[in-house]
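Visitor: Compact mmCIF, C-alpha atoms, file upload-v4.txt:
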```
# COMPACT_ATOMS: atom_id res chain seq x y z
CA MET A 1019 106.06 48.08 51.18
CA ALA A 1020 102.61 47.90 49.76
CA GLU A 1021 100.15 48.25 52.55
CA ILE A 1022 97.16 50.49 52.33
CA LYS A 1023 95.15 50.90 55.48
CA ILE A 1024 91.68 52.35 55.66
CA GLU A 1025 90.16 54.44 58.43
CA LYS A 1026 86.76 55.71 59.41
CA LYS A 1027 85.94 59.18 58.17
CA LYS A 1028 85.53 61.77 60.88
CA PRO A 1029 81.85 62.67 61.26
CA VAL A 1030 80.80 65.92 59.59
CA TRP A 1031 77.65 66.56 61.65
CA PRO A 1032 79.40 68.35 64.60
CA TRP A 1033 80.69 70.94 62.14
CA ILE A 1034 77.27 71.35 60.56
CA LEU A 1035 75.77 71.79 64.05
CA LEU A 1036 78.40 74.40 64.94
CA ILE A 1037 77.72 76.36 61.74
CA LEU A 1038 73.97 76.25 62.43
CA VAL A 1039 74.49 77.53 65.99
CA ILE A 1040 76.64 80.40 64.67
CA ILE A 1041 74.03 81.29 62.02
CA VAL A 1042 71.22 81.27 64.61
CA GLY A 1043 73.36 83.36 67.01
CA VAL A 1044 74.10 85.96 64.34
CA TYR A 1045 70.41 86.07 63.36
CA ILE A 1046 69.28 86.60 66.97
CA TYR A 1047 71.95 89.30 67.50
CA TRP A 1048 70.88 91.26 64.41
CA SER A 1049 67.18 90.94 65.05
CA TYR A 1050 67.70 92.22 68.66
CA ASN A 1051 69.65 95.22 67.37
CA ASP A 1052 66.96 95.97 64.79
CA ASN A 1053 64.28 96.07 67.56
CA VAL A 1054 66.34 98.49 69.68
CA ASP A 1055 66.75 100.84 66.71
CA GLU A 1056 63.05 100.70 65.91
CA ARG A 1057 62.18 101.57 69.54
CA ASN A 1058 64.55 104.55 69.47
CA VAL A 1059 63.04 105.73 66.23
CA ASP A 1060 59.54 105.41 67.66
CA GLU A 1061 60.37 107.49 70.74
CA ASN A 1062 61.88 110.23 68.59
CA GLU A 1063 58.86 110.26 66.31
CA VAL A 1064 56.50 110.67 69.28
CA LEU A 1065 58.53 113.62 70.56
CA ILE A 1066 58.60 115.27 67.13
CA ASP A 1067 54.87 114.70 66.70
CA THR A 1068 54.16 116.29 70.12
CA ILE A 1069 56.19 119.37 69.32
CA GLN A 1070 54.53 119.58 65.95
CA ASP A 1071 51.07 119.39 67.55
CA MET A 1072 51.96 122.11 70.04
CA ASN A 1073 53.17 124.32 67.24
CA ASP A 1074 50.02 123.66 65.28
CA ASP A 1075 47.87 124.52 68.29
CA TYR A 1076 49.80 127.72 68.79
CA ASN A 1077 49.51 128.75 65.17
CA GLU A 1078 45.80 128.09 65.16
CA LEU A 1079 45.15 130.61 67.92
CA PRO A 1080 43.39 133.80 66.69
CA ALA A 1081 45.66 136.69 66.06
CA ASP A 1082 43.88 138.99 68.57
CA THR A 1083 44.41 136.39 71.32
CA LEU A 1084 48.07 136.67 70.74
CA SER A 1085 48.02 140.47 70.84
CA LEU A 1086 45.76 140.43 73.93
CA GLU A 1087 48.28 138.37 75.69
CA THR A 1088 50.90 140.88 74.70
CA ASP A 1089 48.75 143.71 75.95
CA THR A 1090 48.04 141.91 79.20
CA THR A 1091 51.69 141.44 79.67
CA THR A 1092 52.18 145.09 79.11
CA ILE A 1093 49.48 145.98 81.64
CA ALA A 1094 50.94 143.67 84.22
CA GLN A 1095 54.19 145.49 83.89
CA MET B 1339 79.15 35.03 41.46
CA LYS B 1340 77.27 34.84 44.74
CA ASN B 1341 78.56 35.73 48.16
CA GLU B 1342 77.46 33.89 51.28
CA GLU B 1343 79.06 36.43 53.62
CA LYS B 1344 80.46 39.61 52.22
CA HIS B 1345 84.11 39.87 53.11
CA LEU B 1346 85.19 42.19 50.33
CA TYR B 1347 83.92 45.71 49.82
CA ASN B 1348 84.69 48.22 47.16
CA LEU B 1349 86.00 51.23 49.06
CA ASN B 1350 83.68 53.45 47.01
CA GLU B 1351 80.65 51.74 48.51
CA LEU B 1352 81.80 52.32 52.11
CA SER B 1353 80.83 55.94 52.49
CA ASP B 1354 82.17 56.11 56.06
CA TYR B 1355 85.65 54.81 55.21
CA LYS B 1356 88.61 56.32 53.36
CA VAL B 1357 92.25 55.53 52.65
CA ALA B 1358 94.31 56.24 55.78
CA SER B 1359 95.99 59.63 55.64
CA ASP B 1360 99.50 58.10 55.83
CA ASP B 1361 98.93 55.78 52.87
CA PRO B 1362 98.60 56.57 49.17
CA ASP B 1363 95.32 56.29 47.32
CA VAL B 1364 96.43 54.36 44.24
CA ARG B 1365 93.20 54.64 42.29
CA GLY B 1366 94.07 55.79 38.79
CA TRP B 1367 97.67 54.61 38.99
CA ASP B 1368 99.15 52.51 36.16
CA VAL B 1369 99.91 48.88 36.91
CA ARG B 1370 103.16 47.54 35.46
CA ASP B 1371 104.18 43.92 35.07
CA ALA B 1372 107.53 42.25 35.74
CA ASP B 1373 108.89 43.72 32.49
CA ASN B 1374 107.64 47.20 33.35
CA ARG B 1375 104.88 47.06 30.72
CA VAL B 1376 101.62 48.75 31.55
CA VAL B 1377 98.98 46.03 31.99
CA GLY B 1378 96.17 48.18 33.31
CA LYS B 1379 95.01 50.87 35.68
CA VAL B 1380 93.80 50.62 39.27
CA GLU B 1381 90.09 51.37 39.20
CA ASN B 1382 89.01 50.41 42.71
CA LEU B 1383 90.30 49.24 46.05
CA LEU B 1384 88.83 46.09 47.55
CA VAL B 1385 88.94 46.19 51.33
CA ASN B 1386 88.23 43.91 54.23
CA LYS B 1387 86.54 45.76 57.08
CA ASN B 1388 87.71 43.34 59.77
CA ILE B 1389 91.40 43.95 59.18
CA LYS B 1390 90.83 47.55 57.99
CA ARG B 1391 93.13 47.17 55.02
CA VAL B 1392 93.03 47.10 51.25
CA VAL B 1393 93.47 43.45 50.27
CA TYR B 1394 93.14 43.62 46.46
CA LEU B 1395 93.59 46.19 43.76
CA ASP B 1396 90.79 46.04 41.22
CA VAL B 1397 92.54 46.60 37.91
CA HIS B 1398 90.94 47.53 34.62
CA VAL B 1399 93.25 45.61 32.31
CA ASP B 1400 94.89 47.00 29.21
CA LYS B 1401 93.67 46.03 25.75
CA THR B 1402 96.86 44.02 25.18
CA ILE B 1403 95.84 41.66 27.99
CA VAL B 1404 92.36 41.16 26.58
CA ASP B 1405 93.63 40.79 23.02
CA ALA B 1406 96.12 38.09 24.05
CA ARG B 1407 93.10 35.76 24.33
CA HIS B 1408 94.84 33.22 26.53
CA ASP B 1409 92.81 30.58 28.32
CA PRO B 1410 92.76 31.21 32.05
CA TYR B 1411 95.24 29.24 34.09
CA GLY B 1412 93.99 26.42 36.27
CA ARG B 1413 90.79 25.67 34.36
CA PRO B 1414 89.27 22.66 36.12
CA ASN B 1415 88.80 19.62 33.88
CA ASN B 1416 85.27 19.01 35.04
CA ILE B 1417 83.91 22.45 34.26
CA ASP B 1418 82.21 23.65 31.13
CA VAL B 1419 84.77 25.56 29.06
CA ARG B 1420 82.29 28.32 28.22
CA GLU B 1421 81.83 29.01 31.93
CA PHE B 1422 85.51 29.54 32.54
CA VAL B 1423 87.08 31.35 29.59
CA ASN B 1424 87.40 35.11 29.75
CA LYS B 1425 84.36 36.46 27.96
CA ASP B 1426 83.79 39.80 26.28
CA GLY B 1427 83.31 42.53 28.88
CA GLU B 1428 85.37 40.69 31.48
CA ASN B 1429 88.18 43.18 31.63
CA HIS B 1430 88.91 43.45 35.35
CA VAL B 1431 91.33 41.45 37.41
CA ILE B 1432 92.31 41.57 41.07
CA ILE B 1433 95.87 41.70 42.40
CA PRO B 1434 96.62 40.94 46.05
CA ILE B 1435 98.17 43.97 47.73
CA GLY B 1436 101.16 42.00 49.01
CA MET B 1437 102.21 41.11 45.47
CA VAL B 1438 102.92 44.68 44.40
CA ASN B 1439 105.22 47.54 45.24
CA LEU B 1440 104.11 51.15 45.11
CA ASP B 1441 106.20 53.66 43.20
CA LYS B 1442 104.80 56.76 44.90
CA GLU B 1443 107.02 59.17 42.98
CA ASN B 1444 105.78 58.10 39.53
CA LYS B 1445 102.40 56.85 40.72
CA ASN B 1446 102.90 53.32 39.46
CA VAL B 1447 101.92 49.99 40.93
CA LEU B 1448 104.72 47.52 40.25
CA ALA B 1449 103.72 43.88 40.03
CA ASN B 1450 107.32 42.71 39.90
CA GLY B 1451 106.53 39.02 40.23
CA ILE B 1452 103.82 38.77 37.58
CA ASP B 1453 104.59 38.82 33.87
CA HIS B 1454 102.35 39.82 30.96
CA ARG B 1455 101.44 36.25 30.05
CA THR B 1456 100.43 35.43 33.61
CA PHE B 1457 98.18 38.48 33.69
CA ALA B 1458 96.67 37.47 30.36
CA GLU B 1459 96.05 33.93 31.60
CA THR B 1460 94.42 34.96 34.85
CA LYS B 1461 90.67 34.66 35.12
CA ARG B 1462 89.01 38.05 34.77
CA TYR B 1463 85.58 39.35 35.75
CA ALA B 1464 83.17 41.99 34.52
CA HIS B 1465 83.04 45.30 36.37
CA GLY B 1466 80.39 45.24 39.08
CA THR B 1467 80.28 41.48 39.46
CA PRO B 1468 80.44 40.43 43.12
CA LEU B 1469 83.54 38.39 43.91
CA ASN B 1470 83.55 35.15 45.85
CA ARG B 1471 86.20 33.02 47.53
CA ASP B 1472 86.40 30.59 44.59
CA TYR B 1473 87.39 33.40 42.26
CA GLU B 1474 89.96 34.72 44.73
CA THR B 1475 91.50 31.26 45.11
CA THR B 1476 91.63 30.76 41.34
CA VAL B 1477 93.41 34.08 40.86
CA LEU B 1478 95.93 33.39 43.63
CA ARG B 1479 96.66 29.98 42.14
CA SER B 1480 97.30 31.62 38.77
CA TYR B 1481 99.72 34.19 40.16
CA ASN B 1482 101.52 31.59 42.29
CA ARG B 1483 101.77 28.87 39.66
CA ASP B 1484 105.56 28.76 40.01
CA ASN B 1485 105.62 29.22 43.74
CA PRO B 1486 102.54 27.72 45.37
CA SER B 1487 101.87 28.22 49.05
CA ASP B 1488 102.32 25.26 51.39
CA SER B 1489 100.00 26.67 54.02
CA VAL B 1490 96.34 25.95 54.27
CA TYR B 1491 94.12 28.84 55.27
CA GLU B 1492 90.61 28.72 56.60
CA ASP B 1493 88.02 31.27 55.58
CA GLU B 1494 88.58 33.42 58.68
CA THR B 1495 92.34 33.57 58.16
CA PHE B 1496 92.30 33.87 54.38
CA TYR B 1497 93.80 37.38 54.38
CA GLU B 1498 96.68 36.25 56.56
CA ARG B 1499 98.17 34.58 53.50
CA ASP B 1500 101.58 35.71 52.31
CA GLU B 1501 100.02 37.30 49.23
CA PHE B 1502 98.53 40.01 51.42
CA ASP B 1503 101.75 40.86 53.23
CA ARG B 1504 104.56 42.23 51.08
CA ASN B 1505 107.38 41.25 53.44
CA ARG B 1506 106.26 37.67 53.90
CA TYR B 1507 105.52 37.25 50.21
CA THR B 1508 108.95 38.56 49.22
CA ASN B 1509 110.63 36.22 51.68
CA ARG B 1510 108.66 33.27 50.31
CA ARG B 1511 109.87 34.01 46.81
CA LEU B 1512 113.55 34.22 47.78
```
Show me, as structure tokens, the structure contained in the file I just sent.

Guide:
Amino acid sequence: MAEIKIEKKKPVWPWILLILVIIVGVYIYWSYNDNVDERNVDENEVLIDTIQDMNDDYNELPADTLSLETDTTTIAQ
Amino acid sequence: MKNEEKHLYNLNELSDYKVASDDPDVRGWDVRDADNRVVGKVENLLVNKNIKRVVYLDVHVDKTIVDARHDPYGRPNNIDVREFVNKDGENHVIIPIGMVNLDKENKNVLANGIDHRTFAETKRYAHGTPLNRDYETTVLRSYNRDNPSDSVYEDETFYERDEFDRNRYTNRRL
């Protein structure tokens, strides 16, 4: 029998909205993770810099100061 | 051809409608006459939104139909001949959906009750021309020349005619 019915197409916009929500969610997730990594890196850099500064300060001390300290230690004993 | 109220739409122009998933989309299928000769190809589907069905197949007719150069059937006596004959470029014809069978396996539309001469003598139109009720009535009269309908249909019930229902049309012909 020749009968051809027609029907309304299902709307596409809910799918587009869902895809957009997923894209935004993924973007927010990755950008949050990037910030956490950057903060960790920053804290490590500060620690390294502090140690480096202390080492520099120590190395800049005059050589006799170092030996005096040794001598003092010896005297105290 | 002018339309007072549009009751026929080309399915292509209704972007929010499609052929129902249970039914075949016959666009591109060959149309065969009563003698199984190819008389054209389905180019578009003409639908009525109220009844949500395809009511006509818009057929791009074969060259053999155009070359037959028959005068259209049912030319009124009081009309200018030049207004009614099939002119160059008028190579489309409509077929009511109830007057065909669908051969889904071979993708053919079978117009079992319409022969080649009847097709050639049916008034055609140029692609893109809006259709009106006068043209539809003229075409139906041509196809039903041997078996005219007794019923009278108003504008609102036009697509309740037998020609749009395969079962009723077949019964009428028996």

Visitor: Which of these residues is nearest to Leu1469 of chain B, using only C-alpha atoms: B:Arg1391, B:Lys1379, B:His1430, B:Arg1483?

Guide: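 Nearest to Leu1469 of chain B: B:His1430.
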
Visitor: If we count all atoms listed in the file, which residues of chain B reach to within 10 Å of chain A? Please list them as a PyMOL selection string.

Guide: chain B and resi 1349+1352-1364+1383+1385-1387+1389-1394+1434-1441+1447-1448+1502-1505

Visitor: Between B:His1454, B:Glu1494, B:Ile1433, B:Asn1382, which residue has the minimum interatomic distance to Asp1400 of chain B, considering all atoms listed in the file?

Guide: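 That would be B:His1454, the residue with the smallest distance to Asp1400 of chain B.
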
Visitor: Find the residues near Asp1368 of chain B: any atom within 10 Å, counting all atoms listed in the file, skip ones fewer than 6 places away on the same chain, and give them as a list of chain:residue names.

Guide: B:Arg1375, B:Val1376, B:Val1377, B:Gly1378, B:Lys1379, B:Val1380, B:Glu1381, B:Val1397, B:His1398, B:Val1399, B:Asp1400, B:Asn1444, B:Lys1445, B:Asn1446, B:Val1447, B:Leu1448

Visitor: Using Å and a single decimal, report how far atom CA of Tyr1347 of chain B sits from atom CA of Asp1500 of chain B.

Guide: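 Computing the Euclidean distance for atom CA of Asp1500 of chain B and atom CA of Tyr1347 of chain B yields 20.4 Å.
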
Visitor: Could you tell me how far atom CA of Ala1464 of chain B lies from atom CA of Tyr1507 of chain B, in Å and to one decimal?

Guide: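 Spanning atom CA of Ala1464 of chain B to atom CA of Tyr1507 of chain B is a straight-line distance of 27.7 Å.
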
Visitor: Tell me which protein, DNA and RNA residues are within 10 Å of Tyr1473 of chain B, counting all atoms listed in the file, leaving out same-chain ones fewer than 6 positions away, and put them as an NGL selection string.

Guide: :B and (1339 or 1432 or 1461-1463 or 1479)
